[in-house]
Amino acid sequence: FAILFSGLLQAGIVAWGVARAGLSLRLRFIAWGPGIKDFFHLLGPGILAGGVVQINIMAGGIIASFQDGARAHLYYADRLYQFPLGLIGVAISVVLLPKLTAALKKNDGSAPGLVDESLITAMFLTLPAAFGLAVLAEPIIATLFEHGRFTAQDTAATAAALIGFAAGLPAYVLVKIFSPSFFARLDTRTPMRLAVLSMVVNITISLIFFPIHGHVAIAWATAVASMVQAAGLIIIMWWRNYHQWRPALVMRLVKLLLASMVMAMLLFFLPRIAGGDWLARFLDLSLRVGLGVGVFVVMVLGLKVVRVSDISRWRGHSS
């Protein structure tokens with residue numbers, strides 16, 4: 001019932017926003033025409049391209065059902081990595097698509113800049129999140145879930161899956177960032193084809209390595225499949241001249257990666273707070289997260305990847 005209530009609340013907020021914008025929500029008959037035909041022509045491939053991560057997770061869950069407890073371990077790990085994916089990747093792609101469509105209609109040369117800014121913003125948030133989830137997988141899961149029937153063995157198994165998902169998190173977000181470049185050009189078939197390739201890669205790797213590595217193979221298969229999909233989008237965008245990887249952009253991404261790696265190394269070697277109770281685990285995790293965020297922000301500011309004004313501007317856009 002909590003999910004039902006939250007869904008109704010979300011729908012109500014959207015309806016309120018639509019009403020404030022002066023738009024009507026009345027149902028009315030729409031005559032079939034070229035515009036509607038084109039819409040449904042693009043809809044199917046778009047749905048498949050946009051939902052491939054969830055499809056891969058579902059396929060992995062079916063395979064994981066042959067191992068006791070595997071589906072539960074994958075489920076808990078999936079909940080944790082879906083949070084930054086939805087918060088970062090989905091949110092930015094929703095904002096990017098209408099802006100990119102408008103820029104392409106104006107043909108004023110601003111589209112590449114929109115993609116670059118979205119990419120830097122997304123990686124500024126995604127790379128430290130991915131490294132943080134990987135390095136702090138066990139402390140996070142132990143703090144959140146290790147009570148009742150959820151044992152230390154369950155924590156270790158779920159953490160192993162979370163590390164695999166975290167490795168693919170940047171690729172998942174890149175897919176969300178680059179797909180609008182095709183959607184804005186009314187091309188849903190190219191992302192769909194890459195989504196199908198991603199599913200084939202995911203299922204193939206899962207079937208090959210599941211008998212050896214169990215549920216962990218499914219997490220890594222999902223990550224590798226998303227990497228293949230992201231790489232395909234990047235290559236095709238470069239080939240079609242949708243986006244060019246300028247040296248300045250690449251250097252900023254390298255610096256973000258370096259800052260994330262330094263943060264991860266610090267978190268990995270930082271001594272833990274003694275004690276096995278929940279409060280000790282919570283304090284230890286809070287200290288690590290706070291310290292990691294601080295180190296990362298200081299590094300990206302010191303490396304001049306972003307400026308304080310950039311962070312303030314992003315916060316302003318999100319509010």
# chains A, B, ... in the order shown; residues from 1 in each chain; ligands from 1
$ residues_around --residues "Ala223 of chain A" --least-positions-apart "4" --cutoff "8 Å" --atoms "only C-alpha atoms" --output "PyMOL selection string"
chain A and resi 164-169+171-172+219+227
$ closest_residue --among "A:Phe296, A:Trp16, A:Phe182, A:Tyr76" --to "Thr155 of chain A" --atoms "only C-alpha atoms"
A:Tyr76
$ closest_residue --among "A:Leu270, A:Leu114, A:Val18, A:Ala11" --to "Thr101 of chain A" --atoms "only C-alpha atoms"
A:Leu114
$ select_by_dssp --residues "segment 66-261 of chain A" --states "alpha helix (DSSP H)" --output "PyMOL selection string"
chain A and resi 70-84+91-106+111-135+137-145+152-183+189-213+215-239+247-261
$ closest_residue --among "A:Pro139, A:Gly302, A:Pro180, A:Gly148" --to "Asp284 of chain A" --atoms "only C-alpha atoms"
A:Pro139
$ residues_around --residues "Ala137 of chain A" --least-positions-apart "5" --cutoff "7 Å" --atoms "only C-alpha atoms" --output "PyMOL selection string"
chain A and resi 159+162-163
